[in-house]
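For reference, final-v9.csv (CSV, C-alpha atoms):
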```
chain,number,residue,atom,x,y,z
L,1,MET,CA,86.0,121.9,128.4
L,2,ASN,CA,88.2,124.0,126.1
L,3,GLU,CA,90.8,124.4,128.8
L,4,GLU,CA,91.1,120.6,129.3
L,5,VAL,CA,91.5,120.1,125.5
L,6,ASP,CA,94.2,122.9,125.4
L,7,VAL,CA,96.0,121.2,128.3
L,8,MET,CA,95.9,117.8,126.5
L,9,LEU,CA,97.1,119.4,123.2
L,10,SER,CA,100.0,121.0,125.0
L,11,ASN,CA,101.5,117.6,125.2
L,12,PRO,CA,103.4,117.1,121.9
L,13,TYR,CA,102.6,113.4,121.7
L,14,ILE,CA,98.8,114.0,122.0
L,15,GLU,CA,99.0,117.0,119.6
L,16,THR,CA,100.8,114.9,117.0
L,17,LEU,CA,98.2,112.1,117.4
L,18,ALA,CA,95.4,114.7,117.0
L,19,PHE,CA,96.9,116.2,113.8
L,20,PHE,CA,97.7,112.7,112.5
L,21,SER,CA,94.2,111.4,113.2
L,22,VAL,CA,92.4,114.3,111.6
L,23,ALA,CA,94.7,114.2,108.5
L,24,VAL,CA,94.1,110.5,108.0
L,25,VAL,CA,90.4,110.8,108.3
L,26,ALA,CA,90.4,113.8,106.0
L,27,LEU,CA,92.6,112.0,103.5
L,28,ILE,CA,90.2,109.1,103.3
L,29,VAL,CA,87.3,111.6,102.7
L,30,PHE,CA,89.2,113.6,100.2
L,31,VAL,CA,90.3,110.6,98.2
L,32,ALA,CA,86.7,109.3,98.2
L,33,ILE,CA,85.5,112.6,96.8
L,34,PHE,CA,88.2,112.4,94.1
L,35,GLU,CA,87.1,108.9,93.3
L,36,LEU,CA,83.5,110.2,92.8
L,37,VAL,CA,84.6,112.7,90.2
L,38,THR,CA,86.8,110.3,88.1
L,39,ARG,CA,85.2,108.2,85.4
L,40,TYR,CA,86.8,105.0,86.6
L,41,ASN,CA,86.9,103.1,89.8
L,42,ASP,CA,90.4,103.9,91.2
L,43,TRP,CA,90.8,100.8,93.4
L,44,GLU,CA,89.3,98.4,90.9
L,45,GLU,CA,91.7,99.6,88.3
L,46,ILE,CA,94.7,99.5,90.7
L,47,LYS,CA,93.7,96.0,91.6
L,48,LYS,CA,93.8,95.1,87.9
L,49,GLY,CA,97.4,96.5,87.7
L,50,ASN,CA,96.6,99.8,86.0
L,51,VAL,CA,99.8,101.7,86.7
L,52,SER,CA,98.4,105.0,85.3
L,53,VAL,CA,95.5,105.0,87.8
L,54,ALA,CA,98.0,104.1,90.6
L,55,MET,CA,100.2,107.1,89.6
L,56,ALA,CA,97.3,109.5,89.3
L,57,THR,CA,95.8,108.3,92.6
L,58,GLY,CA,99.2,108.4,94.3
L,59,GLY,CA,99.7,112.0,93.1
L,60,LYS,CA,96.4,113.0,94.6
L,61,ILE,CA,97.2,111.3,97.9
L,62,PHE,CA,100.7,112.9,97.9
L,63,GLY,CA,99.1,116.3,97.0
L,64,ILE,CA,96.5,116.1,99.8
L,65,CYS,CA,99.1,115.0,102.4
L,66,ASN,CA,101.4,117.8,101.2
L,67,LEU,CA,98.6,120.3,101.8
L,68,PHE,CA,98.2,119.0,105.3
L,69,ARG,CA,102.0,119.4,105.8
L,70,PHE,CA,101.9,123.0,105.0
L,71,SER,CA,98.6,123.7,106.9
L,72,ILE,CA,100.0,122.0,110.0
L,73,LEU,CA,103.3,123.9,109.8
L,74,ASN,CA,101.5,127.3,109.4
L,75,ASN,CA,98.6,127.0,111.8
L,76,ASP,CA,98.3,126.7,115.6
L,77,SER,CA,95.3,124.5,115.9
L,78,VAL,CA,94.0,121.3,114.5
L,79,LEU,CA,90.8,123.1,113.3
L,80,GLN,CA,92.7,125.8,111.5
L,81,SER,CA,94.9,123.2,109.8
L,82,LEU,CA,91.8,121.2,108.7
L,83,ILE,CA,90.1,124.3,107.3
L,84,TRP,CA,93.2,125.4,105.3
L,85,ALA,CA,93.8,121.8,104.1
L,86,GLY,CA,90.2,121.6,103.1
L,87,TYR,CA,90.4,124.9,101.2
L,88,GLY,CA,93.6,123.6,99.6
L,89,PHE,CA,91.8,120.4,98.6
L,90,VAL,CA,89.1,122.4,96.9
L,91,LEU,CA,91.8,124.3,94.9
L,92,LEU,CA,93.5,121.0,94.1
L,93,MET,CA,90.2,119.6,92.8
L,94,ALA,CA,89.7,122.8,90.7
L,95,ALA,CA,93.2,122.2,89.2
L,96,TYR,CA,92.1,118.6,88.3
L,97,PHE,CA,89.0,120.0,86.4
L,98,ILE,CA,91.1,122.7,84.7
L,99,PHE,CA,93.6,120.0,83.6
L,100,GLU,CA,90.8,118.0,82.1
L,101,PHE,CA,89.2,121.0,80.4
L,102,LEU,CA,92.5,122.3,79.0
L,103,THR,CA,93.4,119.1,77.2
L,104,PRO,CA,90.9,119.1,74.3
L,105,TYR,CA,92.8,116.5,72.2
L,106,PHE,CA,91.9,113.6,74.6
L,107,LYS,CA,90.0,113.0,77.8
L,108,ILE,CA,92.4,112.6,80.8
L,109,ASP,CA,90.2,110.1,82.6
L,110,GLU,CA,89.7,107.9,79.6
L,111,GLU,CA,93.5,107.8,78.8
L,112,ILE,CA,94.3,107.0,82.5
L,113,LYS,CA,91.7,104.2,82.5
L,114,LYS,CA,93.4,102.9,79.3
L,115,ASP,CA,96.6,102.8,81.3
L,116,ASN,CA,98.3,105.5,79.3
L,117,LYS,CA,101.3,105.9,81.6
L,118,ALA,CA,102.4,109.2,80.1
L,119,VAL,CA,99.0,110.8,81.0
L,120,GLY,CA,99.1,109.1,84.5
L,121,LEU,CA,102.5,110.4,85.2
L,122,LEU,CA,101.6,113.9,84.0
L,123,SER,CA,98.5,113.8,86.2
L,124,MET,CA,100.6,112.7,89.2
L,125,ILE,CA,103.1,115.5,88.7
L,126,ILE,CA,100.4,118.1,88.3
L,127,SER,CA,98.7,117.0,91.5
L,128,ILE,CA,102.1,117.1,93.4
L,129,GLY,CA,103.2,120.4,91.8
L,130,ILE,CA,100.0,122.2,92.4
L,131,SER,CA,99.9,121.1,96.0
L,132,TYR,CA,103.2,122.9,96.5
L,133,VAL,CA,101.9,126.0,95.0
L,134,ILE,CA,98.7,125.9,97.1
L,135,GLY,CA,100.7,124.9,100.2
L,136,ALA,CA,103.1,127.8,99.9
L,137,SER,CA,100.1,130.2,100.1
L,138,VAL,CA,98.6,128.5,103.2
L,139,THR,CA,98.8,131.0,106.2
```
Taking this structure as input, can you express it in the form of structure tokens?
Amino acid sequence: MNEEVDVMLSNPYIETLAFFSVAVVALIVFVAIFELVTRYNDWEEIKKGNVSVAMATGGKIFGICNLFRFSILNNDSVLQSLIWAGYGFVLLMAAYFIFEFLTPYFKIDEEIKKDNKAVGLLSMIISIGISYVIGASVT
């Protein structure tokens, strides 16, 4: 069975489809997990036009995809890439909690829900920036 899978994955089109499929499914799962830890409903707020939530969510999506970019470039198999991207996601989520903890003057989630664009932009940039740091260490 493994030999047949290896033969199929030696085709670059099928290999690309495999990486793409796994990354999209993982992205959906990771974004859903992020939504569980925020104190607002991401998609409901975006539907209302909350630009801050859209920026913060977009930063998380970009960050997760960027982690997959690095993990795919630096690993030979779909499984290895998924494991490294998953590990990167855990670190990205830890950065989210550290950001919330290290801002004692206001609550990040509350400000984003109030459509504080400055906080939404900062949240987006932190997610993107940290994803590059994490991605650079993916082996």
Quiz item: What separation in Å, quoted to one decimal, exists between CA of Trp84 in chain L and CA of Lys60 in chain L?
Solution: 16.7 Å
Please report, as a tab-separated table, each residue of range 38-93 of chain L lying at most 9 Å from range 13-34 of chain L, together with the nearest pair of atoms and the separation in Å rounded to one decimal; use all atoms listed in the file, and order rows by chain and ascending residue number.
```
residue	atom	partner	partner_atom	distance
L:Thr38	CA	L:Phe34	CA	6.5
L:Thr57	CA	L:Val31	CA	8.2
L:Lys60	CA	L:Val31	CA	7.5
L:Ile61	CA	L:Val31	CA	6.9
L:Ile64	CA	L:Leu27	CA	6.8
L:Cys65	CA	L:Leu27	CA	7.2
L:Phe68	CA	L:Ala23	CA	6.7
L:Ile72	CA	L:Phe19	CA	7.6
L:Ser77	CA	L:Phe19	CA	8.7
L:Val78	CA	L:Phe19	CA	5.9
L:Ser81	CA	L:Phe19	CA	8.3
L:Leu82	CA	L:Val22	CA	7.5
L:Ala85	CA	L:Ala23	CA	8.8
L:Gly86	CA	L:Ala26	CA	8.3
L:Phe89	CA	L:Phe30	CA	7.5
L:Met93	CA	L:Phe34	CA	7.6
```
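Coordinates place CA of Glu45 in chain L at a distance of 19.6 Å from CA of Ile125 in chain L.
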Self-check item: Interatomic distance (Å, one decimal) between CA of Ile128 in chain L and CA of Gly58 in chain L
Solution: 9.2 Å
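Near Ile108 in chain L, within 10 Å and counting only C-alpha atoms, sit Thr38, Arg39, Tyr96, Phe97, Phe99, Glu100, Phe101, Leu102, Thr103, Pro104, Tyr105, Glu111, Ile112, Lys113, Lys114, Asn116, Val119, Gly120, Leu122 and Ser123 of chain L, not including residues fewer than 3 positions from it in the same chain.
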Quiz item: Taking only C-alpha atoms into account, which of L:Asn11, L:Asp115, L:Gly88, L:Lys107 comes nearest Lys48 in chain L?
Solution: L:Asp115
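When all atoms listed in the file are used to compute distances to Leu91 in chain L, the closest of the residues L:Met124, L:Val133, L:Ala54, L:Leu36 turns out to be L:Val133.
For range 73-75 of chain L, the list of residues within 7 Å, based on all atoms listed in the file and with local chain neighbours fewer than 3 positions off taken out, reads Arg69, Phe70, Gln80, Ser81, Val138 and Thr139 of chain L.
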Exercise. Find, counting only C-alpha atoms, the residue in L:Glu4, L:Ser52, L:Ile134, L:Phe62 that gets nearest to Glu110 in chain L.
Key: L:Ser52
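Shortest atom-to-atom contact with Asp76 in chain L among L:Ser10, L:Tyr40, L:Gly129, L:Glu3: L:Ser10, counting all atoms listed in the file.
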Quiz prompt | For Asn50 in chain L, the nearest of the candidates L:Lys117, L:Ser71, L:Ala94, L:Leu9, counting all atoms listed in the file | solution = L:Lys117
